[in-house]
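Asks: My structure is in my_file00.tsv, and what it holds is TSV, C-alpha atoms:
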chain	number	residue	atom	x	y	z
A	87	MET	CA	-28.60	-2.18	-2.10
A	88	GLY	CA	-31.11	0.42	-1.02
A	89	ALA	CA	-34.35	1.67	-2.49
A	90	ALA	CA	-34.60	1.45	-6.27
A	91	GLY	CA	-31.33	-0.51	-6.33
A	92	VAL	CA	-29.18	2.40	-5.11
A	93	ARG	CA	-26.03	1.17	-3.42
A	94	ARG	CA	-25.57	2.37	0.13
A	95	PRO	CA	-22.35	3.96	1.40
A	96	ALA	CA	-19.78	1.79	3.17
A	97	VAL	CA	-17.28	2.38	5.95
A	98	GLY	CA	-13.60	1.87	5.19
A	99	LEU	CA	-11.04	1.49	7.99
A	100	ASP	CA	-7.36	1.89	7.15
A	101	LEU	CA	-5.54	0.36	10.11
A	102	GLY	CA	-1.90	1.42	10.36
A	103	GLY	CA	0.79	0.99	12.95
A	104	THR	CA	0.52	4.59	14.13
A	105	LYS	CA	-2.92	5.84	13.00
A	106	THR	CA	-6.33	4.53	12.06
A	107	LEU	CA	-8.41	6.30	9.43
A	108	ALA	CA	-12.14	5.70	9.05
A	109	LEU	CA	-14.05	6.91	5.98
A	110	VAL	CA	-17.66	6.72	4.92
A	111	VAL	CA	-17.55	6.35	1.13
A	112	GLY	CA	-20.44	6.66	-1.27
A	113	ALA	CA	-20.88	4.39	-4.27
A	114	ASP	CA	-19.50	7.20	-6.45
A	115	GLY	CA	-16.35	7.55	-4.35
A	116	ALA	CA	-17.47	10.65	-2.46
A	117	VAL	CA	-16.08	10.80	1.09
A	118	LEU	CA	-19.09	11.58	3.28
A	119	GLY	CA	-17.47	11.34	6.72
A	120	ARG	CA	-14.12	10.63	8.30
A	121	SER	CA	-12.31	10.08	11.59
A	122	LEU	CA	-8.58	9.84	12.32
A	123	ARG	CA	-7.27	8.38	15.57
A	124	PRO	CA	-3.96	7.09	16.94
A	125	THR	CA	-3.61	3.32	16.79
A	126	PRO	CA	-3.19	1.98	20.33
A	127	GLN	CA	-0.20	-0.16	21.16
A	128	THR	CA	-1.53	-1.71	24.36
A	129	ASN	CA	-3.75	-4.70	23.57
A	130	ARG	CA	-6.39	-6.11	21.22
A	131	ASN	CA	-9.32	-4.77	23.24
A	132	ALA	CA	-8.00	-1.22	22.94
A	133	LEU	CA	-7.51	-1.74	19.22
A	134	LEU	CA	-11.05	-3.03	18.72
A	135	ALA	CA	-12.41	-0.08	20.71
A	136	VAL	CA	-10.58	2.40	18.47
A	137	LEU	CA	-11.82	0.67	15.32
A	138	GLU	CA	-15.38	0.78	16.61
A	139	ASP	CA	-15.20	4.38	17.81
A	140	ALA	CA	-13.57	5.61	14.59
A	141	ALA	CA	-16.21	3.90	12.46
A	142	ARG	CA	-19.06	5.30	14.55
A	143	GLU	CA	-17.58	8.82	14.52
A	144	ALA	CA	-17.18	8.79	10.73
A	145	VAL	CA	-20.76	7.57	10.32
A	146	ARG	CA	-22.04	10.33	12.63
A	147	GLU	CA	-20.13	12.93	10.63
A	148	ALA	CA	-21.85	11.62	7.53
A	149	GLY	CA	-25.21	12.20	9.21
A	150	MET	CA	-26.01	8.49	9.35
A	151	GLY	CA	-26.24	5.55	11.69
A	152	VAL	CA	-24.37	2.28	11.33
A	153	ARG	CA	-27.62	0.69	10.11
A	154	ASP	CA	-27.52	3.05	7.09
A	155	VAL	CA	-24.25	1.67	5.65
A	156	ALA	CA	-23.85	-1.48	3.58
A	157	GLY	CA	-21.01	-2.75	5.74
A	158	VAL	CA	-17.51	-2.11	7.01
A	159	GLY	CA	-14.20	-2.96	5.33
A	160	ILE	CA	-10.79	-3.00	7.03
A	161	GLY	CA	-7.38	-2.83	5.38
A	162	VAL	CA	-4.79	-4.21	7.76
A	163	PRO	CA	-0.99	-4.53	7.55
A	164	GLY	CA	0.77	-7.83	7.24
A	165	VAL	CA	-0.44	-11.34	6.50
A	166	THR	CA	-4.23	-11.59	6.59
A	167	ASP	CA	-6.73	-14.42	6.20
A	168	ALA	CA	-9.31	-12.52	4.18
A	169	ALA	CA	-11.72	-15.47	3.97
A	170	ARG	CA	-12.03	-15.76	7.76
A	171	GLY	CA	-11.31	-12.13	8.63
A	172	ILE	CA	-8.28	-12.87	10.79
A	173	LEU	CA	-5.14	-10.81	11.37
A	174	VAL	CA	-2.53	-13.55	10.98
A	175	MET	CA	0.77	-11.70	11.46
A	176	PRO	CA	0.16	-7.94	11.76
A	177	PRO	CA	3.38	-5.94	12.21
A	178	ASN	CA	3.51	-2.84	14.42
A	179	LEU	CA	0.35	-3.77	16.33
A	180	PRO	CA	-0.03	-5.11	19.90
A	181	ALA	CA	1.42	-8.59	20.27
A	182	ASP	CA	-1.92	-10.15	21.21
A	183	CYS	CA	-3.40	-9.05	17.86
A	184	ARG	CA	-1.70	-11.97	16.14
A	185	GLY	CA	-4.51	-14.32	15.15
A	186	LEU	CA	-7.18	-11.74	16.03
A	187	PRO	CA	-10.60	-12.61	14.49
A	188	VAL	CA	-11.27	-8.95	13.80
A	189	ARG	CA	-14.12	-9.58	11.35
A	190	ASP	CA	-16.27	-11.38	13.90
A	191	LEU	CA	-15.37	-9.31	16.95
A	192	LEU	CA	-15.80	-5.93	15.29
A	193	GLY	CA	-18.95	-7.14	13.56
A	194	GLU	CA	-20.44	-7.94	16.97
A	195	ARG	CA	-19.54	-4.50	18.29
A	196	LEU	CA	-20.98	-2.61	15.32
A	197	GLY	CA	-23.86	-4.89	14.39
A	198	ALA	CA	-22.76	-4.72	10.75
A	199	PRO	CA	-21.03	-7.07	8.29
A	200	VAL	CA	-17.24	-6.63	8.31
A	201	HIS	CA	-14.80	-7.50	5.50
A	202	VAL	CA	-11.02	-7.73	5.97
A	203	ASP	CA	-8.02	-7.72	3.65
A	204	ASN	CA	-4.39	-6.73	3.43
A	205	ASP	CA	-3.80	-2.97	3.33
A	206	ALA	CA	-1.98	-3.07	-0.02
A	207	ASN	CA	-4.89	-5.01	-1.54
A	208	ALA	CA	-7.27	-2.42	-0.14
A	209	ALA	CA	-5.26	0.44	-1.63
A	210	ALA	CA	-5.17	-1.36	-4.99
A	211	LEU	CA	-8.93	-1.74	-4.90
A	212	GLY	CA	-9.32	1.94	-3.98
A	213	GLU	CA	-7.26	3.13	-6.95
A	214	HIS	CA	-9.07	0.69	-9.23
A	215	ARG	CA	-12.58	1.73	-8.18
A	216	PHE	CA	-12.09	5.42	-7.52
A	217	GLY	CA	-8.60	6.56	-8.57
A	218	ALA	CA	-6.03	6.31	-11.34
A	219	GLY	CA	-7.02	2.77	-12.31
A	220	ARG	CA	-10.66	3.52	-13.10
A	221	GLY	CA	-11.74	1.71	-16.25
A	222	ALA	CA	-8.78	-0.69	-16.30
A	223	SER	CA	-9.94	-4.30	-16.27
A	224	ASP	CA	-6.41	-5.49	-15.47
A	225	MET	CA	-4.42	-3.27	-13.11
A	226	ILE	CA	-1.51	-3.55	-10.72
A	227	TYR	CA	-0.98	-1.19	-7.81
A	228	VAL	CA	2.59	-0.69	-6.58
A	229	THR	CA	3.38	1.30	-3.46
A	230	VAL	CA	6.96	2.53	-3.09
A	231	SER	CA	7.49	3.78	0.42
A	232	THR	CA	9.16	2.43	3.56
A	233	GLY	CA	8.73	-0.91	1.83
A	234	ILE	CA	7.39	-1.95	-1.57
A	235	GLY	CA	4.01	-3.63	-1.77
A	236	GLY	CA	1.21	-4.09	-4.21
A	237	GLY	CA	-2.09	-5.54	-5.27
A	238	VAL	CA	-3.24	-7.20	-8.49
A	239	ILE	CA	-6.60	-6.72	-10.22
A	240	ALA	CA	-7.32	-9.20	-13.02
A	241	ALA	CA	-10.53	-9.14	-15.08
A	242	GLY	CA	-11.87	-6.60	-12.62
A	243	ARG	CA	-11.31	-8.75	-9.54
A	244	LEU	CA	-8.76	-8.61	-6.76
A	245	ILE	CA	-6.36	-11.56	-6.92
A	246	ARG	CA	-5.60	-12.96	-3.47
A	247	GLY	CA	-4.02	-16.29	-4.33
A	248	ALA	CA	-3.36	-19.32	-2.15
A	249	GLY	CA	-3.01	-18.28	1.45
A	250	HIS	CA	-4.25	-14.80	0.49
A	251	ALA	CA	-0.62	-13.79	-0.09
A	252	ALA	CA	-0.71	-12.74	-3.76
A	253	GLY	CA	0.55	-9.31	-4.75
A	254	GLU	CA	3.73	-9.27	-2.65
A	255	VAL	CA	5.54	-7.60	-5.52
A	256	GLY	CA	8.23	-6.13	-3.29
A	257	HIS	CA	9.56	-9.61	-2.60
A	258	MET	CA	10.28	-10.50	-6.20
A	259	VAL	CA	14.00	-11.25	-6.24
A	260	LEU	CA	15.42	-8.97	-8.92
A	261	ALA	CA	19.11	-9.41	-8.17
A	262	HIS	CA	19.87	-12.89	-6.90
A	263	GLY	CA	23.20	-12.87	-5.07
A	264	ALA	CA	23.17	-9.10	-4.49
A	265	PRO	CA	24.33	-7.90	-1.06
A	266	ASP	CA	21.01	-6.17	-0.35
A	267	ARG	CA	19.32	-8.09	2.46
A	268	CYS	CA	15.56	-7.73	2.74
A	269	GLY	CA	13.53	-7.69	5.93
A	270	CYS	CA	12.07	-11.03	4.79
A	271	GLY	CA	15.54	-12.56	5.14
A	272	ARG	CA	16.30	-13.02	1.44
A	273	TYR	CA	18.73	-11.03	-0.69
A	274	GLY	CA	18.07	-8.96	-3.78
A	275	CYS	CA	14.33	-8.38	-3.32
A	276	TRP	CA	12.89	-5.30	-5.04
A	277	GLU	CA	12.09	-3.88	-1.61
A	278	ALA	CA	15.67	-4.42	-0.45
A	279	ILE	CA	17.03	-2.31	-3.33
A	280	SER	CA	14.52	0.43	-4.11
A	281	SER	CA	12.39	1.12	-1.03
A	282	GLY	CA	12.82	4.13	1.22
A	283	THR	CA	14.41	1.90	3.84
A	284	ALA	CA	16.85	0.60	1.23
A	285	LEU	CA	17.87	4.08	0.05
A	286	ALA	CA	18.58	5.16	3.62
A	287	ARG	CA	20.52	1.97	4.36
A	288	GLN	CA	22.72	2.31	1.28
A	289	ALA	CA	23.39	5.97	2.12
A	290	ARG	CA	24.35	5.11	5.70
A	291	GLU	CA	26.74	2.44	4.44
A	292	ALA	CA	28.36	4.87	2.01
A	293	ALA	CA	28.66	7.54	4.69
A	294	ALA	CA	30.17	5.12	7.21
A	295	ALA	CA	32.70	3.97	4.60
A	296	GLY	CA	33.82	7.56	3.99
A	297	ARG	CA	32.53	7.63	0.42
A	298	ALA	CA	29.92	10.32	0.98
A	299	PRO	CA	30.96	13.30	3.14
A	300	ARG	CA	27.72	15.15	2.55
A	301	LEU	CA	25.62	12.17	3.52
A	302	ALA	CA	27.85	11.69	6.57
A	303	VAL	CA	26.82	15.15	7.75
A	304	ALA	CA	23.17	14.21	7.44
A	305	LEU	CA	23.87	10.95	9.24
A	306	SER	CA	25.55	12.72	12.16
A	307	ALA	CA	22.53	15.03	12.42
A	308	GLY	CA	20.20	12.03	12.55
A	309	ALA	CA	18.44	13.08	9.35
A	310	LEU	CA	19.65	10.54	6.82
A	311	ASP	CA	16.42	9.12	5.46
A	312	ALA	CA	15.21	8.50	1.91
A	313	ARG	CA	14.08	12.09	1.47
A	314	ALA	CA	17.54	13.32	2.46
A	315	VAL	CA	19.12	10.99	-0.09
A	316	LEU	CA	16.77	12.25	-2.83
A	317	ALA	CA	17.47	15.86	-1.88
A	318	ALA	CA	21.23	15.30	-1.98
A	319	ALA	CA	20.93	13.61	-5.38
A	320	ALA	CA	18.91	16.55	-6.71
A	321	ASP	CA	21.64	18.91	-5.46
A	322	GLY	CA	24.32	17.05	-7.39
A	323	ASP	CA	25.81	14.74	-4.77
A	324	ALA	CA	27.38	11.97	-6.85
A	325	THR	CA	27.02	9.18	-4.27
A	326	ALA	CA	23.39	9.97	-3.56
A	327	ALA	CA	22.70	10.23	-7.29
A	328	ALA	CA	24.20	6.78	-7.85
A	329	ILE	CA	22.04	5.27	-5.10
A	330	VAL	CA	18.90	6.83	-6.58
A	331	ALA	CA	19.85	5.79	-10.12
A	332	ARG	CA	20.30	2.18	-9.01
A	333	ALA	CA	16.90	2.23	-7.30
A	334	ALA	CA	15.30	3.62	-10.45
A	335	GLU	CA	17.02	0.97	-12.58
A	336	PHE	CA	15.57	-1.83	-10.48
A	337	ASN	CA	12.18	-0.13	-10.40
A	338	GLY	CA	12.30	-0.53	-14.17
A	339	VAL	CA	13.15	-4.21	-13.89
A	340	GLY	CA	10.35	-4.76	-11.40
A	341	LEU	CA	7.77	-2.94	-13.52
A	342	MET	CA	8.88	-4.81	-16.64
A	343	ASN	CA	8.47	-8.13	-14.85
A	344	LEU	CA	4.95	-7.16	-13.78
A	345	ILE	CA	4.02	-6.29	-17.36
A	346	ASN	CA	5.45	-9.58	-18.63
A	347	LEU	CA	3.71	-11.63	-15.94
A	348	PHE	CA	0.25	-10.05	-15.90
A	349	GLY	CA	-0.15	-8.01	-19.08
A	350	PRO	CA	-1.96	-5.19	-17.27
A	351	THR	CA	-3.52	-2.24	-19.02
A	352	ALA	CA	-2.42	-0.01	-16.14
A	353	ILE	CA	0.16	0.04	-13.35
A	354	VAL	CA	-0.60	2.63	-10.70
A	355	VAL	CA	2.35	3.72	-8.56
A	356	GLY	CA	1.78	5.33	-5.17
A	357	GLY	CA	3.45	5.55	-1.79
A	358	GLY	CA	5.67	8.05	-0.05
A	359	LEU	CA	8.45	7.94	-2.66
A	360	ALA	CA	6.15	8.41	-5.65
A	361	HIS	CA	6.60	12.17	-5.14
A	362	ALA	CA	10.09	11.68	-6.64
A	363	TRP	CA	8.42	10.58	-9.88
A	364	ASP	CA	10.93	12.19	-12.24
A	365	ARG	CA	13.90	10.45	-10.60
A	366	LEU	CA	12.53	7.14	-9.36
A	367	VAL	CA	9.56	6.24	-11.54
A	368	ALA	CA	9.48	8.06	-14.89
A	369	PRO	CA	12.76	6.61	-16.25
A	370	ALA	CA	11.83	3.20	-14.84
A	371	ALA	CA	8.41	3.29	-16.49
A	372	ALA	CA	9.83	4.27	-19.86
A	373	TRP	CA	12.43	1.49	-19.71
A	374	ALA	CA	9.87	-1.10	-18.58
A	375	VAL	CA	7.43	-0.31	-21.38
A	376	GLU	CA	10.23	-0.39	-23.97
A	377	HIS	CA	11.66	-3.72	-22.83
A	378	ALA	CA	8.51	-5.66	-21.95
A	379	MET	CA	7.77	-8.65	-24.14
A	380	GLY	CA	5.40	-7.26	-26.74
A	381	VAL	CA	2.68	-5.95	-24.42
A	382	GLY	CA	4.42	-2.93	-22.94
A	383	ALA	CA	2.83	-0.43	-25.31
A	384	ALA	CA	-0.62	-1.45	-24.06
A	385	CYS	CA	0.26	-0.62	-20.45
A	386	ARG	CA	0.11	2.88	-19.01
A	387	ILE	CA	2.16	3.51	-15.87
A	388	VAL	CA	0.62	6.39	-13.93
A	389	PRO	CA	0.81	8.03	-10.50
A	390	ALA	CA	-1.79	7.15	-7.90
A	391	GLU	CA	-4.55	9.71	-7.37
A	392	LEU	CA	-5.99	9.02	-3.94
A	393	GLY	CA	-2.94	9.62	-1.75
A	394	ASP	CA	-3.51	8.83	1.94
A	395	LEU	CA	-7.17	8.03	1.26
A	396	ALA	CA	-6.46	5.01	-0.98
A	397	GLY	CA	-6.45	2.47	1.84
A	398	GLY	CA	-9.65	3.70	3.46
A	399	MET	CA	-11.51	4.07	0.18
A	400	GLY	CA	-10.39	0.63	-0.94
A	401	ALA	CA	-11.39	-0.85	2.41
A	402	ALA	CA	-14.89	0.54	1.86
A	403	ALA	CA	-14.89	-1.08	-1.60
A	404	LEU	CA	-14.19	-4.47	0.04
A	405	VAL	CA	-17.82	-4.48	1.13
A	406	THR	CA	-18.99	-5.05	-2.46
A	407	GLU	CA	-15.97	-7.08	-3.64
A	408	PRO	CA	-16.71	-10.78	-4.32
A	409	ALA	CA	-15.89	-12.93	-1.29
A	410	PRO	CA	-12.41	-14.48	-1.20
Represent the structure of the file as structure tokens.

Replies:
Amino acid sequence: MGAAGVRRPAVGLDLGGTKTLALVVGADGAVLGRSLRPTPQTNRNALLAVLEDAAREAVREAGMGVRDVAGVGIGVPGVTDAARGILVMPPNLPADCRGLPVRDLLGERLGAPVHVDNDANAAALGEHRFGAGRGASDMIYVTVSTGIGGGVIAAGRLIRGAGHAAGEVGHMVLAHGAPDRCGCGRYGCWEAISSGTALARQAREAAAAGRAPRLAVALSAGALDARAVLAAAADGDATAAAIVARAAEFNGVGLMNLINLFGPTAIVVGGGLAHAWDRLVAPAAAWAVEHAMGVGAACRIVPAELGDLAGGMGAAALVTEPAP
């Protein structure tokens, strides 16, 4: 808190496998400064240097010094020990970053308090504080992209759970015994059926089996990804349409389960595949609300508002979030 109780801005770092975004965010959600840099793939020292430099550059752009911000938050991929600020098992980062005490090491470099959490939790917090979930005391954020992840806000607070692993909505098993194998090793997870990776995998299998000549052309050109599947479905390709319809069906089951489990007033859906709202989300949302156990009508399912800024803005909000 600053003079007269005014909250100071905070720095939010969104650490991804390919890029690192730093934002300076005011208490009202205004982005005052930013910096975007490639994420190094060499070693932990290079990673820490990029985090420090990105934070300092964003603060300079905001016309401030590090001493002028309330603190620094970091949203990181993978399993995270939020209480101790440790990257437990971060995917797509240098191998020696496993077990990295990033809170303490970056705090020493910057001379500022540092707060750490999972990137999906950070994005959930961003949408809750500054985006589509504003005003919702109970909210769930679902990201549908390469994978499916999420974060849960209950009574206005981020739920981390035992081991800080709560909110892994993509690993709810929706179709036990289904042939869809997830990256976690189990079968029938929501992520294994409806994520971008899953759409592309199902399309490749159909093309290789000779059931989808059009998708086979895209496969041979090396362009058979989720967007290609969605485009083919929109153009009337029956196989692609069936793949997309199945993904939408299980999106509905997943959303319904979330409503039944948590009774949220809002579910905010973001991620790279949320652009296909009419095909992948709208029918799923309608089905989920209709079939939820008595509380569906109280839940609004809406698109995320913050886009690529959700993680960084939510990371900044970690600075004022109650300690895990």

Asks: Tell me, as an mmCIF file with C-alpha atoms, in the frame of the given file, which residues lie within 7 Å of Asp205 of chain A, counting all atoms listed in the file; anything in the same chain fewer than 4 positions away does not count.

Replies:
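File written: around-v6.cif
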data_model
loop_
_atom_site.group_PDB
_atom_site.id
_atom_site.type_symbol
_atom_site.label_atom_id
_atom_site.label_comp_id
_atom_site.auth_asym_id
_atom_site.auth_seq_id
_atom_site.Cartn_x
_atom_site.Cartn_y
_atom_site.Cartn_z
ATOM 1 C CA GLY A 161 -7.380 -2.830 5.380
ATOM 2 C CA VAL A 162 -4.790 -4.210 7.760
ATOM 3 C CA PRO A 163 -0.990 -4.530 7.550
ATOM 4 C CA ALA A 209 -5.260 0.440 -1.630
ATOM 5 C CA GLY A 397 -6.450 2.470 1.840
#

Asks: Between A:Thr351, A:Thr104, A:Asn337, A:Thr325, single out the one closest to Pro126 of chain A, counting all atoms listed in the file.

Replies: A:Thr104

Asks: As a list in words, please: the residues near Leu260 of chain A (cut-off 9 Å, all atoms listed in the file, same-chain neighbours under 2 positions excluded).

Replies: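 My list of contacting residues is His257, Met258, His262, Ala264, Gly274, Cys275, Trp276, Ile279, Phe336, Val339 and Gly340 of chain A.
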
Asks: Looking at A:Ala252, A:Leu347, A:Met225, A:Val97, which one is nearest to Ile239 of chain A, with distances taken over all atoms listed in the file?

Replies: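 Nearest to Ile239 of chain A: A:Met225.
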
Asks: Just checking: using all atoms listed in the file, which residue out of A:Asp364, A:Glu213, A:Asp321, A:Asp182 ends up closest to Leu301 of chain A?

Replies: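 Nearest to Leu301 of chain A: A:Asp321.
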
Asks: Distance atom CA of Asp167 of chain A-atom CA of Leu122 of chain A, one decimal place?

Replies: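 Here the two named atoms are 25.1 Å from each other.
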
Asks: Which is closest to Arg142 of chain A among A:Arg220, A:Arg93, A:Arg215, A:Arg195, if we use only C-alpha atoms?

Replies: A:Arg195

Asks: Using only C-alpha atoms and a cutoff of 6 Å, can you tell me which residues are near (-1.3, -2.4, -9.6) in the file's coordinates, and write them out as a VMD selection string?

Replies: chain A and resid 225 to 228 237 to 238 353 to 354

Asks: May I ask for the distance between atom CA of Leu192 of chain A and atom CA of Leu137 of chain A, given in Å to one decimal place?

Replies: 7.7 Å

Asks: At a cut-off of 10 Å, using only C-alpha atoms, what residues contact Arg146 of chain A? Leave out same-chain residues fewer than 6 positions from it and give the result as an MDAnalysis selection string.

Replies: chainID A and resid 110 118:121 140 152

Asks: Can you sort out the box for segment 339-345 of chain A, edges along x, y and z, all listed atoms in, 4 Å on every side, with centre and edge lengths in Å to one decimal, as JSON?

Replies:
{"center_x": 8.6, "center_y": -5.5, "center_z": -14.4, "size_x": 17.1, "size_y": 13.2, "size_z": 14.0}

Asks: Listing only residues of segment 163-278 of chain A within 12 Å of segment 286-291 of chain A, what is the closest atom pair and its distance in Å (to one decimal) for each, using all atoms listed in the file, sorted by chain and residue number ascending, as a tab-separated table?

Replies:
residue	atom	partner	partner_atom	distance
A:Ser231	CA	A:Ala286	CA	11.6
A:Thr232	CA	A:Ala286	CA	9.8
A:Gly233	CA	A:Ala286	CA	11.7
A:Pro265	CA	A:Gln288	CA	10.6
A:Asp266	CA	A:Gln288	CA	8.8
A:Arg267	CA	A:Arg287	CA	10.3
A:Cys268	CA	A:Arg287	CA	11.0
A:Glu277	CA	A:Arg287	CA	11.9
A:Ala278	CA	A:Arg287	CA	9.4
